[in-house]
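Text of start_28.txt, listed as compact mmCIF, C-alpha atoms and all ligand atoms:
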# COMPACT_ATOMS: atom_id res chain seq x y z
CA MET F 1039 101.19 -38.31 -141.34
CA THR F 1040 99.59 -38.35 -137.89
CA GLU F 1041 99.19 -35.07 -136.06
CA GLN F 1042 101.74 -34.15 -133.42
CA LEU F 1043 100.90 -34.58 -129.76
CA THR F 1044 102.55 -32.36 -127.19
CA ILE F 1045 102.96 -34.00 -123.79
CA ALA F 1046 103.91 -32.07 -120.66
CA MET F 1047 106.10 -34.16 -118.38
CA PRO F 1048 106.96 -33.28 -114.78
CA LYS F 1049 110.66 -32.98 -114.08
CA GLY F 1050 111.80 -34.57 -110.83
CA ARG F 1051 110.51 -37.60 -108.97
CA ILE F 1052 107.69 -38.58 -111.33
CA PHE F 1053 109.73 -38.27 -114.52
CA GLN F 1054 111.59 -41.60 -114.54
CA GLU F 1055 108.54 -43.62 -113.57
CA ALA F 1056 106.44 -41.88 -116.21
CA ALA F 1057 109.10 -42.47 -118.89
CA GLU F 1058 109.30 -46.12 -117.89
CA LEU F 1059 105.53 -46.46 -118.20
CA LEU F 1060 105.55 -44.90 -121.68
CA ARG F 1061 108.30 -47.30 -122.73
CA LYS F 1062 106.37 -50.24 -121.33
CA ALA F 1063 103.39 -49.07 -123.36
CA GLY F 1064 105.54 -49.48 -126.48
CA TYR F 1065 106.73 -45.93 -127.12
CA ARG F 1066 110.36 -45.60 -128.07
CA LEU F 1067 111.90 -42.72 -126.18
CA PRO F 1068 115.39 -41.47 -127.06
CA PRO F 1069 118.38 -41.57 -124.65
CA GLU F 1070 117.93 -37.81 -124.04
CA PHE F 1071 115.10 -38.91 -121.79
CA ASP F 1072 117.55 -40.43 -119.37
CA ASP F 1073 120.15 -37.72 -119.18
CA SER F 1074 119.61 -34.28 -120.58
CA ARG F 1075 118.93 -30.66 -119.60
CA LYS F 1076 116.73 -30.14 -122.64
CA LEU F 1077 113.25 -28.78 -121.94
CA ILE F 1078 111.77 -29.80 -125.28
CA ILE F 1079 112.39 -33.26 -126.67
CA ASP F 1080 110.92 -34.18 -130.04
CA VAL F 1081 110.40 -37.84 -130.80
CA GLU F 1082 109.87 -37.83 -134.54
CA GLU F 1083 109.24 -41.52 -134.84
CA GLU F 1084 106.15 -41.25 -132.63
CA ASN F 1085 105.37 -37.68 -133.64
CA PHE F 1086 105.47 -36.61 -130.01
CA ARG F 1087 106.83 -33.40 -128.55
CA PHE F 1088 107.64 -33.65 -124.86
CA ILE F 1089 107.95 -30.51 -122.78
CA LEU F 1090 109.57 -30.80 -119.37
CA SER F 1091 108.13 -28.54 -116.70
CA LYS F 1092 108.01 -28.21 -112.92
CA PRO F 1093 105.41 -30.69 -111.61
CA MET F 1094 103.21 -27.84 -110.28
CA ASP F 1095 103.10 -26.28 -113.76
CA VAL F 1096 102.11 -29.29 -115.89
CA ALA F 1097 98.36 -28.64 -115.64
CA THR F 1098 98.91 -24.97 -116.53
CA TYR F 1099 100.48 -25.92 -119.88
CA VAL F 1100 97.68 -28.39 -120.54
CA GLU F 1101 94.89 -25.98 -119.55
CA HIS F 1102 96.26 -23.34 -121.91
CA GLY F 1103 96.43 -25.85 -124.74
CA VAL F 1104 100.16 -25.55 -125.43
CA ALA F 1105 100.33 -29.19 -124.36
CA ASP F 1106 97.64 -31.67 -125.39
CA LEU F 1107 98.41 -34.10 -122.61
CA GLY F 1108 100.26 -34.06 -119.34
CA ILE F 1109 101.27 -36.17 -116.39
CA ALA F 1110 100.56 -34.60 -113.03
CA GLY F 1111 100.32 -35.62 -109.40
CA LYS F 1112 96.78 -35.71 -107.99
CA ASP F 1113 98.07 -33.33 -105.29
CA VAL F 1114 98.72 -30.68 -107.94
CA LEU F 1115 95.33 -31.25 -109.56
CA LEU F 1116 93.54 -30.88 -106.22
CA GLU F 1117 95.48 -27.74 -105.39
CA GLU F 1118 95.16 -25.97 -108.74
CA GLU F 1119 91.74 -27.09 -110.02
CA ARG F 1120 92.69 -26.50 -113.65
CA ASP F 1121 90.25 -26.89 -116.50
CA VAL F 1122 91.60 -30.21 -117.79
CA TYR F 1123 90.23 -33.72 -118.11
CA GLU F 1124 91.73 -36.35 -115.86
CA VAL F 1125 91.54 -39.49 -117.99
CA LEU F 1126 93.76 -42.08 -116.36
CA ASP F 1127 95.18 -42.97 -112.97
CA LEU F 1128 98.71 -44.02 -113.89
CA LYS F 1129 99.26 -45.48 -110.41
CA ILE F 1130 102.84 -44.24 -110.25
CA SER F 1131 104.63 -42.04 -107.69
CA GLY F 1132 102.26 -43.04 -104.94
CA CYS F 1133 102.19 -41.07 -101.70
CA TYR F 1134 99.55 -39.33 -99.59
CA LEU F 1135 98.68 -35.97 -98.11
CA ALA F 1136 98.55 -35.82 -94.33
CA VAL F 1137 98.23 -33.50 -91.37
CA ALA F 1138 101.27 -33.75 -89.10
CA GLY F 1139 102.79 -32.00 -86.13
CA LEU F 1140 104.80 -32.41 -82.96
CA PRO F 1141 103.65 -35.42 -80.90
CA GLY F 1142 101.17 -34.91 -78.07
CA THR F 1143 100.27 -31.38 -79.11
CA LYS F 1144 96.87 -29.83 -79.67
CA MET F 1145 96.17 -27.12 -82.17
CA ASN F 1146 96.11 -23.68 -80.63
CA ASP F 1147 92.53 -22.69 -79.70
CA VAL F 1148 92.99 -19.20 -81.06
CA ALA F 1149 94.01 -18.89 -84.70
CA PRO F 1150 95.83 -22.21 -85.11
CA LYS F 1151 98.40 -22.12 -87.87
CA VAL F 1152 98.94 -24.68 -90.61
CA ALA F 1153 102.00 -24.51 -92.86
CA THR F 1154 101.83 -26.12 -96.30
CA LYS F 1155 102.79 -26.12 -99.95
CA TYR F 1156 99.08 -26.85 -100.64
CA PRO F 1157 97.10 -23.87 -99.28
CA ASN F 1158 93.86 -24.64 -101.14
CA VAL F 1159 93.80 -28.32 -100.19
CA ALA F 1160 94.65 -27.51 -96.57
CA ALA F 1161 92.04 -24.72 -96.33
CA ALA F 1162 89.33 -26.97 -97.81
CA TYR F 1163 90.25 -29.83 -95.47
CA PHE F 1164 90.08 -27.77 -92.27
CA ARG F 1165 86.91 -26.01 -93.47
CA GLU F 1166 85.26 -29.43 -93.88
CA GLN F 1167 86.37 -30.34 -90.36
CA GLY F 1168 84.75 -27.13 -89.12
CA GLU F 1169 88.08 -25.79 -87.89
CA GLN F 1170 89.19 -22.24 -88.51
CA VAL F 1171 92.90 -22.10 -89.23
CA GLU F 1172 95.40 -19.67 -90.59
CA ILE F 1173 97.21 -21.11 -93.60
CA ILE F 1174 100.87 -20.27 -94.06
CA LYS F 1175 102.18 -21.03 -97.54
CA LEU F 1176 105.70 -22.46 -97.76
CA ASN F 1177 107.57 -23.75 -100.77
CA GLY F 1178 109.47 -26.67 -99.27
CA SER F 1179 111.00 -28.11 -96.08
CA ILE F 1180 107.50 -27.90 -94.64
CA GLU F 1181 108.48 -30.08 -91.67
CA LEU F 1182 110.59 -27.22 -90.37
CA ALA F 1183 107.51 -25.09 -89.54
CA PRO F 1184 106.28 -26.86 -86.36
CA LEU F 1185 109.85 -27.49 -85.19
CA ILE F 1186 110.64 -23.81 -85.20
CA GLY F 1187 107.26 -22.60 -83.93
CA LEU F 1188 105.93 -21.21 -87.18
CA SER F 1189 102.86 -23.46 -87.16
CA ASP F 1190 100.87 -25.93 -85.03
CA ARG F 1191 100.40 -28.36 -87.89
CA ILE F 1192 101.57 -29.00 -91.42
CA VAL F 1193 99.79 -30.43 -94.44
CA ASP F 1194 102.31 -32.22 -96.60
CA ILE F 1195 103.11 -35.24 -98.70
CA VAL F 1196 104.18 -38.41 -96.93
CA SER F 1197 105.76 -41.25 -98.82
CA THR F 1198 108.08 -43.43 -96.73
CA GLY F 1199 107.43 -41.37 -93.58
CA ARG F 1200 111.17 -40.88 -93.16
CA THR F 1201 111.09 -37.07 -93.16
CA LEU F 1202 108.45 -36.95 -90.43
CA LYS F 1203 110.29 -39.56 -88.35
CA GLU F 1204 113.72 -38.00 -88.63
CA ASN F 1205 112.29 -34.66 -87.56
CA GLY F 1206 110.36 -36.06 -84.60
CA LEU F 1207 106.93 -35.34 -86.07
CA VAL F 1208 103.85 -37.54 -86.12
CA GLU F 1209 100.95 -37.90 -88.44
CA TYR F 1210 97.56 -36.80 -87.09
CA GLU F 1211 95.23 -37.39 -90.04
CA THR F 1212 95.42 -38.73 -93.55
CA ILE F 1213 93.78 -36.42 -96.06
CA THR F 1214 93.92 -38.38 -99.31
CA ALA F 1215 95.97 -40.84 -101.34
CA ILE F 1216 97.97 -39.44 -104.27
CA THR F 1217 99.12 -40.96 -107.55
CA SER F 1218 100.04 -39.43 -110.90
CA ARG F 1219 97.32 -38.88 -113.49
CA LEU F 1220 97.15 -38.47 -117.24
CA ILE F 1221 95.42 -35.20 -118.02
CA VAL F 1222 94.11 -33.87 -121.33
CA ASN F 1223 93.23 -30.45 -122.70
CA PRO F 1224 89.45 -30.43 -123.40
CA VAL F 1225 89.82 -29.06 -126.94
CA SER F 1226 92.59 -31.52 -127.83
CA TYR F 1227 90.39 -34.26 -126.45
CA ARG F 1228 87.85 -33.45 -129.16
CA ILE F 1229 90.06 -32.66 -132.12
CA LYS F 1230 92.83 -35.19 -131.54
CA ASP F 1231 90.58 -37.89 -130.13
CA GLU F 1232 92.01 -40.76 -132.16
CA ARG F 1233 95.62 -40.20 -131.17
CA ILE F 1234 94.66 -39.52 -127.57
CA SER F 1235 92.55 -42.68 -127.34
CA GLU F 1236 95.47 -44.61 -128.77
CA ILE F 1237 97.82 -43.44 -126.02
CA VAL F 1238 95.20 -43.88 -123.29
CA ASN F 1239 94.59 -47.46 -124.46
CA ALA F 1240 98.29 -48.26 -124.70
CA LEU F 1241 98.93 -46.93 -121.20
CA SER F 1242 95.84 -48.62 -119.73
CA LYS F 1243 97.25 -51.99 -120.75
CA VAL F 1244 100.48 -51.56 -118.78
CA ILE F 1245 99.29 -49.82 -115.60
N1 LIG B 1 107.81 -38.14 -101.24
C1 LIG B 1 107.26 -37.31 -102.11
N2 LIG B 1 107.35 -35.99 -101.89
C2 LIG B 1 106.83 -35.11 -102.75
N3 LIG B 1 106.18 -35.46 -103.88
C3 LIG B 1 106.04 -36.76 -104.12
C4 LIG B 1 106.57 -37.75 -103.26
N4 LIG B 1 106.31 -38.95 -103.79
C5 LIG B 1 105.63 -38.73 -104.92
N5 LIG B 1 105.44 -37.42 -105.14
C6 LIG B 1 104.78 -36.82 -106.32
O1 LIG B 1 105.79 -36.09 -106.97
C7 LIG B 1 105.40 -34.74 -107.23
C8 LIG B 1 106.49 -33.78 -106.86
O2 LIG B 1 107.66 -34.10 -107.52
P1 LIG B 1 108.99 -33.36 -107.13
O3 LIG B 1 109.27 -33.53 -105.68
O4 LIG B 1 110.00 -33.81 -108.11
O5 LIG B 1 108.60 -31.88 -107.45
P2 LIG B 1 108.65 -30.55 -106.62
O6 LIG B 1 107.91 -30.74 -105.35
O7 LIG B 1 108.23 -29.45 -107.53
O8 LIG B 1 110.14 -30.47 -106.34
P3 LIG B 1 111.00 -29.27 -105.91
O9 LIG B 1 111.36 -29.71 -104.50
O10 LIG B 1 112.09 -29.33 -106.91
O11 LIG B 1 110.17 -28.03 -105.96
C9 LIG B 1 104.20 -34.46 -106.37
O12 LIG B 1 103.30 -33.66 -107.09
C10 LIG B 1 103.63 -35.85 -106.01
O13 LIG B 1 102.54 -36.15 -106.83
O1 LIG B 2 107.79 -39.52 -96.45
P1 LIG B 2 109.05 -39.19 -97.18
O2 LIG B 2 109.50 -40.35 -98.06
O3 LIG B 2 110.14 -38.73 -96.29
O4 LIG B 2 108.72 -38.05 -98.24
C1 LIG B 2 108.05 -36.88 -97.87
C2 LIG B 2 108.91 -35.66 -98.02
O5 LIG B 2 109.29 -35.50 -99.40
C3 LIG B 2 108.84 -34.24 -99.87
O6 LIG B 2 109.79 -33.27 -99.74
P2 LIG B 2 110.92 -33.00 -100.84
O7 LIG B 2 111.97 -34.05 -100.75
O8 LIG B 2 110.25 -32.86 -102.18
O9 LIG B 2 111.55 -31.66 -100.40
P3 LIG B 2 110.86 -30.26 -100.13
O10 LIG B 2 110.56 -30.29 -98.67
O11 LIG B 2 111.90 -29.28 -100.46
O12 LIG B 2 109.63 -30.13 -100.97
C4 LIG B 2 107.65 -33.92 -98.98
O13 LIG B 2 107.38 -32.54 -98.96
C5 LIG B 2 108.10 -34.45 -97.64
O14 LIG B 2 108.91 -33.53 -96.97
Written form, structure tokens:
Amino acid sequence: MTEQLTIAMPKGRIFQEAAELLRKAGYRLPPEFDDSRKLIIDVEEENFRFILSKPMDVATYVEHGVADLGIAGKDVLLEEERDVYEVLDLKISGCYLAVAGLPGTKMNDVAPKVATKYPNVAAAYFREQGEQVEIIKLNGSIELAPLIGLSDRIVDIVSTGRTLKENGLVEYETITAITSRLIVNPVSYRIKDERISEIVNALSKVI
């Protein structure tokens, strides 16, 4: 009997693409994967336990070792800097992080404000540019901030660009490209190396 692997999956946008990739790699996932409110799904045949968490929390479960593996957006990994190994770029859920704002505007000379869901990434980016900014943490609808005068700029995810366009905002700088990654708990990586290598190899072939 092979040892069980616990895999933290992000609910939301990444989930379907990640499930599709696992299926392509030859893993048989039950119908619950397609339509269920369950947060733990055991797949006995593969000896997998899937836990379904918020995307921002995947790396937390993996760092603490309650999940051996996880699938997380690079944006989350940059923001949280968890103690996990990033072993594979799954090349799914592609998007990028950018600085945006109202067109034809300059950042305020005194204490310019930047609204974002990614305060660490944004602070590091502006520090590297030698610009002192005040970071305002928001949890969503980031594009609202410059429209309503809360901030001069935002740092947010852009995918199709539709949200920026429909809100009359423009992109000023691209920070970095984002895809989803396979992450591993460092202890699991040592003690469950065979099973983990197996899944990494299977996924590598279908990326
Ligand atoms: N257009 C996009 N907007 C946001 N995230 C995207 C986009 N495209 C791909 N992603 C990836 O999906 C992840 C976020 O997924 P999702 O939007 O389902 O979660 P969330 O932001 O926690 O959602 P919620 O709005 O429920 O809090 C990001 O970490 C990123 O890697
Ligand atoms: O370039 P686009 O394809 O328009 O995608 C980018 C938008 O999608 C995300 O928001 P989400 O839909 O997750 O809502 P949120 O603002 O509540 O986080 C992101 O924060 C942008 O607002």
**OP:** Would you work out the distance separating CA of Leu1220 in chain F from CA of Gly1132 in chain F, expressed in Å to one decimal?
**Re:**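 Pair CA of Leu1220 in chain F / CA of Gly1132 in chain F returns 14.1 Å.
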**OP:** Set the cut-off to 9 Å, count only C-alpha atoms and all ligand atoms, and list whatever residues fall near ligand LIG 1 (chain B) as a PyMOL selection string.
**Re:** chain F and resi 1048-1053+1092-1095+1110-1115+1130-1134+1155+1177-1179+1194-1199+1201+1216-1219
**OP:** Enumerate, as a PyMOL selection string, the protein, DNA and RNA residues whose atoms approach (106.4, -24.1, -90.0) to within 6 Å, taking into account all atoms listed in the file and the coordinate frame of the file.
**Re:** chain F and resi 1153+1182-1184+1188-1189
**OP:** Kindly indicate which residue among F:Leu1090, F:Met1047, F:Leu1107, F:Ile1213 lies nearest to Ala1162 in chain F, using only C-alpha atoms for the distances.
**Re:** F:Ile1213
Original post:
Distance CA of Glu1058 in chain F-CA of Thr1212 in chain F, one decimal place?
Top reply: 29.0 Å
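CA of Ile1221 in chain F lies 11.6 Å from CA of Gly1103 in chain F.
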